[in-house]
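Printed here is upload.cif (mmCIF, C-alpha atoms):
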data_coords
#
loop_
_atom_site.group_PDB
_atom_site.id
_atom_site.type_symbol
_atom_site.label_atom_id
_atom_site.label_comp_id
_atom_site.auth_asym_id
_atom_site.auth_seq_id
_atom_site.Cartn_x
_atom_site.Cartn_y
_atom_site.Cartn_z
ATOM 1 C CA MET K 1455 -6.345 53.815 -43.164
ATOM 2 C CA ALA K 1456 -5.229 54.426 -46.720
ATOM 3 C CA THR K 1457 -1.886 56.011 -47.524
ATOM 4 C CA GLY K 1458 -3.603 59.118 -48.849
ATOM 5 C CA ASP K 1459 -5.444 59.524 -45.560
ATOM 6 C CA ASP K 1460 -2.181 59.006 -43.667
ATOM 7 C CA ASP K 1461 -0.521 61.736 -45.696
ATOM 8 C CA PHE K 1462 -3.425 64.104 -45.142
ATOM 9 C CA LEU K 1463 -3.363 63.450 -41.400
ATOM 10 C CA ALA K 1464 0.409 64.024 -41.261
ATOM 11 C CA ASP K 1465 0.112 67.246 -43.248
ATOM 12 C CA SER K 1466 -2.711 68.456 -41.002
ATOM 13 C CA PHE K 1467 -0.629 67.742 -37.915
ATOM 14 C CA GLU K 1468 2.424 69.516 -39.344
ATOM 15 C CA ALA K 1469 0.300 72.605 -39.908
ATOM 16 C CA HIS K 1470 -0.259 72.765 -36.146
ATOM 17 C CA ARG K 1471 3.185 71.596 -34.983
ATOM 18 C CA GLY K 1472 4.665 75.078 -34.504
ATOM 19 C CA ARG K 1473 1.864 76.272 -32.255
ATOM 20 C CA LEU K 1474 1.789 73.006 -30.305
ATOM 21 C CA ARG K 1475 5.526 73.208 -29.693
ATOM 22 C CA ALA K 1476 5.179 76.808 -28.528
ATOM 23 C CA VAL K 1477 2.445 75.798 -26.085
ATOM 24 C CA ALA K 1478 4.492 72.880 -24.763
ATOM 25 C CA HIS K 1479 7.656 74.958 -24.452
ATOM 26 C CA ARG K 1480 5.888 77.631 -22.397
ATOM 27 C CA MET K 1481 4.328 74.899 -20.273
ATOM 28 C CA LEU K 1482 7.507 72.935 -19.666
ATOM 29 C CA GLY K 1483 10.296 75.483 -20.114
ATOM 30 C CA SER K 1484 12.291 72.886 -22.059
ATOM 31 C CA ALA K 1485 12.659 72.517 -25.807
ATOM 32 C CA ALA K 1486 13.514 68.823 -25.541
ATOM 33 C CA GLU K 1487 10.497 68.049 -23.340
ATOM 34 C CA ALA K 1488 8.309 70.175 -25.608
ATOM 35 C CA ASP K 1489 9.335 68.037 -28.575
ATOM 36 C CA ASP K 1490 8.492 64.905 -26.558
ATOM 37 C CA ALA K 1491 5.036 66.276 -25.725
ATOM 38 C CA VAL K 1492 4.316 67.164 -29.350
ATOM 39 C CA GLN K 1493 5.503 63.725 -30.494
ATOM 40 C CA GLU K 1494 3.151 62.105 -27.974
ATOM 41 C CA ALA K 1495 0.302 64.169 -29.411
ATOM 42 C CA TRP K 1496 1.108 62.825 -32.876
ATOM 43 C CA VAL K 1497 1.157 59.252 -31.566
ATOM 44 C CA ARG K 1498 -2.266 59.722 -29.993
ATOM 45 C CA LEU K 1499 -3.644 61.357 -33.117
ATOM 46 C CA SER K 1500 -2.380 58.568 -35.361
ATOM 47 C CA ARG K 1501 -4.129 56.020 -33.126
ATOM 48 C CA SER K 1502 -7.411 57.920 -32.939
ATOM 49 C CA GLU K 1503 -10.457 57.979 -35.168
ATOM 50 C CA SER K 1504 -9.338 61.256 -36.733
ATOM 51 C CA LYS K 1505 -12.392 61.525 -38.973
ATOM 52 C CA GLU K 1506 -14.506 62.001 -35.840
ATOM 53 C CA ILE K 1507 -12.463 65.026 -34.704
ATOM 54 C CA ASP K 1508 -14.393 68.175 -35.591
ATOM 55 C CA ASN K 1509 -11.830 70.701 -34.326
ATOM 56 C CA LEU K 1510 -8.325 69.340 -34.855
ATOM 57 C CA ALA K 1511 -6.570 72.435 -33.447
ATOM 58 C CA GLY K 1512 -8.596 72.274 -30.233
ATOM 59 C CA TRP K 1513 -8.194 68.514 -29.942
ATOM 60 C CA LEU K 1514 -4.413 68.709 -30.325
ATOM 61 C CA THR K 1515 -4.127 71.612 -27.868
ATOM 62 C CA THR K 1516 -6.094 69.595 -25.324
ATOM 63 C CA VAL K 1517 -3.881 66.546 -25.804
ATOM 64 C CA VAL K 1518 -0.660 68.544 -25.531
ATOM 65 C CA GLY K 1519 -2.016 70.343 -22.469
ATOM 66 C CA ARG K 1520 -2.818 67.064 -20.723
ATOM 67 C CA VAL K 1521 0.549 65.558 -21.650
ATOM 68 C CA CYS K 1522 2.336 68.624 -20.294
ATOM 69 C CA LEU K 1523 0.219 68.560 -17.142
ATOM 70 C CA ASP K 1524 1.233 64.944 -16.533
ATOM 71 C CA MET K 1525 4.895 65.814 -17.119
ATOM 72 C CA LEU K 1526 4.726 68.757 -14.704
ATOM 73 C CA ARG K 1527 3.067 66.619 -12.032
ATOM 74 C CA SER K 1528 5.723 63.958 -12.488
ATOM 75 C CA ARG K 1529 8.394 66.641 -12.197
ATOM 76 C CA ARG K 1530 6.788 67.866 -8.965
ATOM 77 C CA SER K 1531 6.701 64.376 -7.492
ATOM 78 C CA ARG K 1532 10.402 63.876 -8.238
ATOM 79 C CA ALA K 1533 11.176 67.243 -6.667
ATOM 80 C CA GLU K 1534 9.902 65.946 -3.324
ATOM 81 C CA GLU K 1535 13.158 64.005 -3.085
ATOM 82 C CA PRO K 1536 16.606 65.669 -2.697
ATOM 83 C CA LEU K 1537 18.290 66.626 -5.938
ATOM 84 C CA GLU K 1538 20.681 63.721 -6.452
ATOM 85 C CA SER K 1539 22.708 64.968 -9.387
ATOM 86 C CA TRP K 1540 23.323 68.226 -11.196
ATOM 87 C CA THR K 1541 21.547 67.441 -14.472
ATOM 88 C CA ALA K 1542 19.084 69.549 -16.423
ATOM 89 C CA ASP K 1543 17.866 71.025 -19.680
ATOM 90 C CA PRO K 1544 19.910 73.742 -21.417
ATOM 91 C CA THR K 1545 17.142 75.363 -23.403
ATOM 92 C CA ALA K 1546 14.604 76.069 -20.754
ATOM 93 C CA VAL K 1547 15.144 79.823 -20.704
ATOM 94 C CA SER K 1548 15.414 80.456 -24.408
ATOM 95 C CA ALA K 1549 12.322 82.662 -24.672
ATOM 96 C CA PRO K 1550 13.059 86.286 -25.571
ATOM 97 C CA VAL K 1551 13.044 88.829 -22.762
ATOM 98 C CA ALA K 1552 10.501 91.624 -23.057
ATOM 99 C CA PRO K 1553 10.238 94.597 -20.695
ATOM 100 C CA ALA K 1554 7.820 94.239 -17.820
ATOM 101 C CA ALA K 1555 4.679 96.111 -18.773
ATOM 102 C CA VAL K 1556 2.097 95.396 -16.070
ATOM 103 C CA SER K 1557 2.002 97.019 -12.674
ATOM 104 C CA ALA K 1558 2.423 94.640 -9.758
ATOM 105 C CA SER K 1559 -0.134 96.682 -7.843
ATOM 106 C CA SER K 1560 -2.897 96.091 -10.393
ATOM 107 C CA THR K 1561 -5.666 93.944 -8.950
ATOM 108 C CA VAL K 1562 -8.338 94.252 -11.643
ATOM 109 C CA SER K 1563 -7.931 91.981 -14.654
ATOM 110 C CA ASP K 1564 -7.687 94.075 -17.816
ATOM 111 C CA PRO K 1565 -7.637 92.060 -21.075
ATOM 112 C CA ALA K 1566 -5.228 94.519 -22.722
ATOM 113 C CA GLN K 1567 -2.894 94.432 -19.726
ATOM 114 C CA ASP K 1568 -3.133 90.658 -19.500
ATOM 115 C CA ALA K 1569 -2.138 90.343 -23.152
ATOM 116 C CA LEU K 1570 0.814 92.639 -22.553
ATOM 117 C CA LEU K 1571 1.810 90.597 -19.533
ATOM 118 C CA ALA K 1572 1.558 87.366 -21.498
ATOM 119 C CA ASP K 1573 3.960 88.747 -24.090
ATOM 120 C CA SER K 1574 6.598 89.308 -21.411
ATOM 121 C CA VAL K 1575 7.667 85.676 -21.605
ATOM 122 C CA GLY K 1576 11.260 86.175 -20.610
ATOM 123 C CA VAL K 1577 13.587 84.524 -18.183
ATOM 124 C CA ALA K 1578 11.929 86.088 -15.128
ATOM 125 C CA LEU K 1579 8.545 84.689 -16.162
ATOM 126 C CA LEU K 1580 9.913 81.199 -16.732
ATOM 127 C CA VAL K 1581 11.497 81.287 -13.279
ATOM 128 C CA VAL K 1582 8.150 82.223 -11.725
ATOM 129 C CA LEU K 1583 6.256 79.611 -13.761
ATOM 130 C CA ASP K 1584 8.443 76.918 -12.215
ATOM 131 C CA THR K 1585 7.129 77.875 -8.771
ATOM 132 C CA LEU K 1586 3.466 77.499 -9.790
ATOM 133 C CA ALA K 1587 1.357 74.419 -9.268
ATOM 134 C CA PRO K 1588 0.968 72.461 -12.539
ATOM 135 C CA ALA K 1589 -2.718 73.358 -12.956
ATOM 136 C CA GLU K 1590 -2.000 77.058 -12.344
ATOM 137 C CA ARG K 1591 0.785 77.035 -14.884
ATOM 138 C CA LEU K 1592 -1.350 75.312 -17.491
ATOM 139 C CA ALA K 1593 -4.277 77.690 -16.969
ATOM 140 C CA PHE K 1594 -2.066 80.763 -17.269
ATOM 141 C CA VAL K 1595 -0.119 79.546 -20.292
ATOM 142 C CA LEU K 1596 -3.118 78.318 -22.265
ATOM 143 C CA HIS K 1597 -5.431 81.224 -21.507
ATOM 144 C CA ASP K 1598 -3.123 84.231 -21.193
ATOM 145 C CA LEU K 1599 -0.451 83.248 -23.703
ATOM 146 C CA PHE K 1600 -2.497 81.300 -26.257
ATOM 147 C CA ALA K 1601 -6.055 82.605 -25.768
ATOM 148 C CA VAL K 1602 -7.566 79.206 -25.046
ATOM 149 C CA PRO K 1603 -11.059 79.788 -23.539
ATOM 150 C CA TYR K 1604 -11.531 78.931 -19.875
ATOM 151 C CA GLU K 1605 -14.149 76.345 -20.863
ATOM 152 C CA GLU K 1606 -11.473 74.382 -22.756
ATOM 153 C CA VAL K 1607 -8.864 74.898 -20.025
ATOM 154 C CA ALA K 1608 -11.383 73.558 -17.510
ATOM 155 C CA GLY K 1609 -11.728 70.337 -19.468
ATOM 156 C CA ILE K 1610 -7.963 69.777 -19.432
ATOM 157 C CA VAL K 1611 -7.487 70.359 -15.690
ATOM 158 C CA ASP K 1612 -10.795 68.670 -14.718
ATOM 159 C CA ARG K 1613 -12.172 71.803 -13.056
ATOM 160 C CA THR K 1614 -15.115 74.117 -13.678
ATOM 161 C CA PRO K 1615 -14.556 77.141 -15.935
ATOM 162 C CA GLU K 1616 -14.728 79.388 -12.874
ATOM 163 C CA ALA K 1617 -12.093 77.302 -11.104
ATOM 164 C CA ALA K 1618 -9.897 77.488 -14.214
ATOM 165 C CA ARG K 1619 -10.325 81.258 -14.197
ATOM 166 C CA GLN K 1620 -9.201 81.358 -10.561
ATOM 167 C CA LEU K 1621 -6.159 79.207 -11.326
ATOM 168 C CA ALA K 1622 -5.079 81.609 -14.063
ATOM 169 C CA SER K 1623 -5.778 84.600 -11.833
ATOM 170 C CA ARG K 1624 -3.540 83.260 -9.048
ATOM 171 C CA ALA K 1625 -0.781 82.560 -11.535
ATOM 172 C CA ARG K 1626 -1.188 86.019 -13.055
ATOM 173 C CA ARG K 1627 -0.687 87.678 -9.667
ATOM 174 C CA ARG K 1628 2.538 85.735 -9.156
ATOM 175 C CA VAL K 1629 3.800 86.651 -12.608
ATOM 176 C CA ARG K 1630 3.019 90.338 -12.084
ATOM 177 C CA GLY K 1631 5.372 90.304 -9.120
ATOM 178 C CA ALA K 1632 8.211 88.629 -11.031
ATOM 179 C CA ALA K 1633 11.551 90.364 -10.678
ATOM 180 C CA GLU K 1634 13.286 91.579 -13.805
ATOM 181 C CA PRO K 1635 16.444 89.640 -14.714
ATOM 182 C CA ASP K 1636 19.812 91.139 -13.825
ATOM 183 C CA VAL K 1637 21.937 92.040 -16.861
ATOM 184 C CA ASP K 1638 25.117 93.320 -15.162
ATOM 185 C CA LEU K 1639 27.645 90.858 -16.619
ATOM 186 C CA VAL K 1640 30.537 91.879 -14.386
ATOM 187 C CA ARG K 1641 28.386 91.416 -11.279
ATOM 188 C CA GLN K 1642 27.158 88.073 -12.612
ATOM 189 C CA ARG K 1643 30.745 86.832 -12.918
ATOM 190 C CA LYS K 1644 31.495 87.858 -9.328
ATOM 191 C CA VAL K 1645 28.394 86.014 -8.113
ATOM 192 C CA VAL K 1646 29.366 82.873 -10.053
ATOM 193 C CA ASP K 1647 32.878 83.014 -8.581
ATOM 194 C CA ALA K 1648 31.371 83.332 -5.093
ATOM 195 C CA PHE K 1649 28.962 80.456 -5.795
ATOM 196 C CA LEU K 1650 31.825 78.265 -7.008
ATOM 197 C CA ALA K 1651 34.037 79.090 -4.023
ATOM 198 C CA ALA K 1652 31.223 78.336 -1.577
ATOM 199 C CA ALA K 1653 30.365 75.053 -3.339
ATOM 200 C CA ARG K 1654 34.018 73.950 -3.243
ATOM 201 C CA GLU K 1655 34.197 74.610 0.486
ATOM 202 C CA GLY K 1656 30.750 73.250 1.281
ATOM 203 C CA ASP K 1657 29.930 76.697 2.647
ATOM 204 C CA PHE K 1658 26.160 76.575 3.142
ATOM 205 C CA ASP K 1659 25.874 80.182 4.335
ATOM 206 C CA GLY K 1660 28.050 81.371 1.453
ATOM 207 C CA LEU K 1661 25.697 79.666 -1.011
ATOM 208 C CA LEU K 1662 22.642 81.194 0.641
ATOM 209 C CA ALA K 1663 24.236 84.631 0.238
ATOM 210 C CA VAL K 1664 24.242 84.388 -3.571
ATOM 211 C CA LEU K 1665 20.936 82.532 -4.072
ATOM 212 C CA ASP K 1666 17.557 84.215 -4.428
ATOM 213 C CA PRO K 1667 15.165 82.944 -1.720
ATOM 214 C CA ASP K 1668 12.920 81.467 -4.451
ATOM 215 C CA VAL K 1669 15.754 80.059 -6.576
ATOM 216 C CA VAL K 1670 14.895 77.117 -8.836
ATOM 217 C CA ALA K 1671 17.381 74.358 -9.737
ATOM 218 C CA ARG K 1672 16.154 72.413 -12.750
ATOM 219 C CA SER K 1673 17.647 69.024 -13.552
ATOM 220 C CA GLY K 1674 16.910 65.627 -14.997
ATOM 221 C CA ALA K 1675 16.335 64.468 -11.423
ATOM 222 C CA GLY K 1676 13.566 67.016 -10.983
ATOM 223 C CA VAL K 1677 13.064 70.615 -9.939
ATOM 224 C CA THR K 1678 14.261 71.883 -6.564
ATOM 225 C CA THR K 1679 12.979 75.207 -5.251
ATOM 226 C CA GLY K 1680 14.105 77.417 -2.398
ATOM 227 C CA ALA K 1681 17.550 78.659 -1.384
ATOM 228 C CA ALA K 1682 18.035 76.179 1.451
ATOM 229 C CA ALA K 1683 17.243 73.113 -0.669
ATOM 230 C CA VAL K 1684 19.374 74.297 -3.590
ATOM 231 C CA ALA K 1685 22.268 75.208 -1.281
ATOM 232 C CA ARG K 1686 22.187 71.732 0.280
ATOM 233 C CA GLY K 1687 22.388 70.189 -3.174
ATOM 234 C CA ALA K 1688 25.238 72.433 -4.279
ATOM 235 C CA SER K 1689 27.279 72.078 -1.075
ATOM 236 C CA SER K 1690 27.228 68.282 -1.394
ATOM 237 C CA PHE K 1691 29.120 68.426 -4.690
ATOM 238 C CA ALA K 1692 32.399 69.953 -3.536
ATOM 239 C CA GLN K 1693 34.400 67.402 -5.548
ATOM 240 C CA LEU K 1694 32.747 68.388 -8.815
ATOM 241 C CA ALA K 1695 32.989 72.070 -7.943
ATOM 242 C CA ALA K 1696 36.736 71.651 -7.490
ATOM 243 C CA VAL K 1697 37.154 71.012 -11.233
ATOM 244 C CA ALA K 1698 34.410 73.343 -12.495
ATOM 245 C CA ARG K 1699 35.313 76.328 -14.653
ATOM 246 C CA PRO K 1700 33.468 79.634 -15.199
ATOM 247 C CA ALA K 1701 32.051 79.781 -18.723
ATOM 248 C CA LEU K 1702 29.414 81.209 -20.975
ATOM 249 C CA VAL K 1703 26.814 78.512 -21.682
ATOM 250 C CA ASP K 1704 24.806 79.471 -24.765
ATOM 251 C CA GLY K 1705 25.588 83.062 -23.856
ATOM 252 C CA ALA K 1706 24.468 82.714 -20.228
ATOM 253 C CA THR K 1707 26.872 83.092 -17.329
ATOM 254 C CA GLY K 1708 27.595 79.660 -15.909
ATOM 255 C CA LEU K 1709 29.978 76.849 -15.038
ATOM 256 C CA VAL K 1710 31.215 73.740 -16.838
ATOM 257 C CA VAL K 1711 33.007 70.594 -15.725
ATOM 258 C CA LEU K 1712 35.606 69.328 -18.208
ATOM 259 C CA VAL K 1713 36.844 65.727 -18.492
ATOM 260 C CA ASP K 1714 39.727 65.171 -20.917
ATOM 261 C CA GLY K 1715 38.921 68.500 -22.552
ATOM 262 C CA ARG K 1716 35.287 67.564 -23.086
ATOM 263 C CA VAL K 1717 32.357 69.218 -21.342
ATOM 264 C CA GLU K 1718 30.834 66.616 -19.027
ATOM 265 C CA ARG K 1719 28.237 68.914 -17.468
ATOM 266 C CA ALA K 1720 27.164 72.522 -17.712
ATOM 267 C CA LEU K 1721 25.344 74.888 -15.373
ATOM 268 C CA ALA K 1722 23.660 78.008 -16.782
ATOM 269 C CA PHE K 1723 22.529 80.707 -14.341
ATOM 270 C CA THR K 1724 19.794 83.312 -14.481
ATOM 271 C CA PHE K 1725 19.987 86.288 -12.118
ATOM 272 C CA VAL K 1726 17.317 88.540 -10.671
ATOM 273 C CA ARG K 1727 17.801 92.268 -10.204
ATOM 274 C CA GLY K 1728 20.423 92.754 -7.500
ATOM 275 C CA GLY K 1729 22.595 89.906 -8.717
ATOM 276 C CA ARG K 1730 21.320 86.853 -6.882
ATOM 277 C CA ILE K 1731 20.921 83.549 -8.704
ATOM 278 C CA ALA K 1732 17.264 82.817 -9.501
ATOM 279 C CA LEU K 1733 17.539 79.818 -11.816
ATOM 280 C CA ILE K 1734 20.125 77.082 -12.359
ATOM 281 C CA ASP K 1735 19.798 74.883 -15.430
ATOM 282 C CA ILE K 1736 22.142 71.892 -15.350
ATOM 283 C CA THR K 1737 22.932 69.625 -18.285
ATOM 284 C CA THR K 1738 24.744 66.289 -18.353
ATOM 285 C CA ASP K 1739 23.090 64.552 -21.292
ATOM 286 C CA PRO K 1740 25.802 64.116 -23.981
ATOM 287 C CA GLY K 1741 23.411 64.846 -26.830
ATOM 288 C CA LEU K 1742 22.225 68.085 -25.257
ATOM 289 C CA LEU K 1743 25.755 69.069 -24.241
ATOM 290 C CA SER K 1744 26.942 68.659 -27.815
ATOM 291 C CA ARG K 1745 24.501 71.354 -28.930
ATOM 292 C CA LEU K 1746 25.625 73.917 -26.352
ATOM 293 C CA GLU K 1747 27.941 76.769 -27.242
ATOM 294 C CA VAL K 1748 30.486 76.937 -24.413
ATOM 295 C CA THR K 1749 33.132 79.652 -23.993
ATOM 296 C CA LEU K 1750 35.531 79.206 -21.078
ATOM 297 C CA LEU K 1751 36.293 82.297 -19.025
ATOM 298 C CA GLN K 1752 39.788 82.846 -17.721
ATOM 299 C CA PRO K 1753 40.471 84.272 -14.243
ATOM 300 C CA GLY K 1754 39.861 87.999 -14.340
ATOM 301 C CA ASP K 1755 37.825 87.839 -17.574
ATOM 302 C CA ASP K 1756 34.433 89.428 -17.706
ATOM 303 C CA GLN K 1757 31.908 88.355 -20.294
ATOM 304 C CA ASP K 1758 32.625 91.262 -22.599
ATOM 305 C CA GLY K 1759 36.241 90.260 -22.880
ATOM 306 C CA ALA K 1760 35.818 86.488 -23.095
#

Could you show the structure in this file as structure tokens?
Amino acid sequence: MATGDDDFLADSFEAHRGRLRAVAHRMLGSAAEADDAVQEAWVRLSRSESKEIDNLAGWLTTVVGRVCLDMLRSRRSRAEEPLESWTADPTAVSAPVAPAAVSASSTVSDPAQDALLADSVGVALLVVLDTLAPAERLAFVLHDLFAVPYEEVAGIVDRTPEAARQLASRARRRVRGAAEPDVDLVRQRKVVDAFLAAAREGDFDGLLAVLDPDVVARSGAGVTTGAAAVARGASSFAQLAAVARPALVDGATGLVVLVDGRVERALAFTFVRGGRIALIDITTDPGLLSRLEVTLLQPGDDQDGA
């Protein structure tokens, strides 16, 4: 292909990059993985017969959707094994929090209500999305958040349009019941202190007391769901917990482990209403850690006084 054609193709792709990244980020809950998915879409486009693509936006959305679906399925397969190390992505809950606007008791799909629900892409939604099956998550994100027709969603998940509609409907019901995030910073600090004390002592029951029953622990080793599984993972790391320090991690209440004054790993927590931990994002990758803003909290500090 001539250089001029290459430049045109690159410019055309760049025009869609922002939307593709938004789709991938909602699908994966991770900015780094979203960038990987978008890059894979570019690789596939550059190797394709681009002149035969009639609808570039639709083609790219389909490719990104399938890449994300594969990544989610791979994540699920890894999650079948115990979480071996506290590693994860720091940016997975960066979407803005909007007030819940749809009644959990609503059973009839209303397009206006569904659009309002889709806009509530905050921390609580991302927590719930992690509990969905990959196909359900893709159907909900593409249709409800990005208005992709069910016919196109069906092609990505290899189902009929009606089956795709049912996938999105199931996901929508789960999202409607999502708890609002807890914003009481003083209570969050007390919960983190209790979590840290229980982890140091290997206190399984103490960990269960501060974890939401549907808690999600997200790490490079996979995604672990459920209080019992997450508590087992946390209680097995008493040695690391012994040197962990309460901190703000990109503004979120969390913990960090320091080695020679350098952050070796960071845990950021998300809380549901009532104060229990609903999501734990853990980071050990040096490149990702270097981009985090970490503020250590001293004993007795609350977040307002850090």

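Shortest atom-to-atom contact with Ala1589 of chain K among K:His1479, K:Arg1520, K:Arg1719, K:Arg1529: K:Arg1520, counting all atoms listed in the file.
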
When you look at Glu1606 of chain K with a cut-off of 9 Å (counting all atoms listed in the file), what residues show up, excluding the ones that are within fewer than 2 positions of it in the same chain? I need them as a ChimeraX atom specification. /K:1512,1516,1602-1604,1608-1610,1615

Box time for segment 1583-1595 of chain K: axis-aligned, enclosing all its listed atoms, 3 Å extra on each side; report centre and edge lengths in Å to one decimal, as lines of an AutoDock Vina configuration file.
center_x = 2.1
center_y = 76.6
center_z = -14.5
size_x = 18.7
size_y = 14.3
size_z = 17.5

Excluding Glu1590 of chain K and its own-chain neighbours fewer than 6 positions away, which residues fall within 9 Å of it when counting only C-alpha atoms? Please give them as a PDB file with C-alpha atoms, in the coordinates of the input.
ATOM      1  CA  LEU K1583       6.256  79.611 -13.761  1.00  0.00           C
ATOM      2  CA  ALA K1618      -9.897  77.488 -14.214  1.00  0.00           C
ATOM      3  CA  GLN K1620      -9.201  81.358 -10.561  1.00  0.00           C
ATOM      4  CA  LEU K1621      -6.159  79.207 -11.326  1.00  0.00           C
ATOM      5  CA  ALA K1622      -5.079  81.609 -14.063  1.00  0.00           C
ATOM      6  CA  SER K1623      -5.778  84.600 -11.833  1.00  0.00           C
ATOM      7  CA  ARG K1624      -3.540  83.260  -9.048  1.00  0.00           C
ATOM      8  CA  ALA K1625      -0.781  82.560 -11.535  1.00  0.00           C
TER       9      ALA K1625
END

Applied to the shown file, which residues does the PyMOL selection byres ((chain K and resi 1743) around 12) return, written as a ChimeraX atom specification? /K:1541-1545,1703-1704,1710-1712,1716-1722,1736-1742,1744-1748

Kindly give the distance, in Å, that separates atom CA of Asp1659 of chain K and atom CA of Thr1724 of chain K, rounded to a single decimal. 20.0 Å

If you apply the PyMOL selection byres ((chain K and resi 1491) around 10) to this file, what residues do you get, as a tab-separated table (two decimals) with C-alpha atoms, in the frame of the given file?
chain	number	residue	atom	x	y	z
K	1474	LEU	CA	1.79	73.01	-30.30
K	1475	ARG	CA	5.53	73.21	-29.69
K	1477	VAL	CA	2.44	75.80	-26.08
K	1478	ALA	CA	4.49	72.88	-24.76
K	1479	HIS	CA	7.66	74.96	-24.45
K	1482	LEU	CA	7.51	72.94	-19.67
K	1485	ALA	CA	12.66	72.52	-25.81
K	1486	ALA	CA	13.51	68.82	-25.54
K	1487	GLU	CA	10.50	68.05	-23.34
K	1488	ALA	CA	8.31	70.18	-25.61
K	1489	ASP	CA	9.34	68.04	-28.58
K	1490	ASP	CA	8.49	64.90	-26.56
K	1492	VAL	CA	4.32	67.16	-29.35
K	1493	GLN	CA	5.50	63.72	-30.49
K	1494	GLU	CA	3.15	62.10	-27.97
K	1495	ALA	CA	0.30	64.17	-29.41
K	1496	TRP	CA	1.11	62.82	-32.88
K	1497	VAL	CA	1.16	59.25	-31.57
K	1517	VAL	CA	-3.88	66.55	-25.80
K	1518	VAL	CA	-0.66	68.54	-25.53
K	1519	GLY	CA	-2.02	70.34	-22.47
K	1520	ARG	CA	-2.82	67.06	-20.72
K	1521	VAL	CA	0.55	65.56	-21.65
K	1522	CYS	CA	2.34	68.62	-20.29
K	1525	MET	CA	4.89	65.81	-17.12

Env of segment 1666-1671 of chain K: 10 Å cut, atoms = only C-alpha atoms, seq-sep filter 3 positions within chain, self excluded. Answer as a VMD selection string. chain K and resid 1533 1537 1540 to 1542 1581 to 1582 1584 to 1585 1661 to 1663 1676 to 1685 1687 to 1688 1721 1723 to 1736
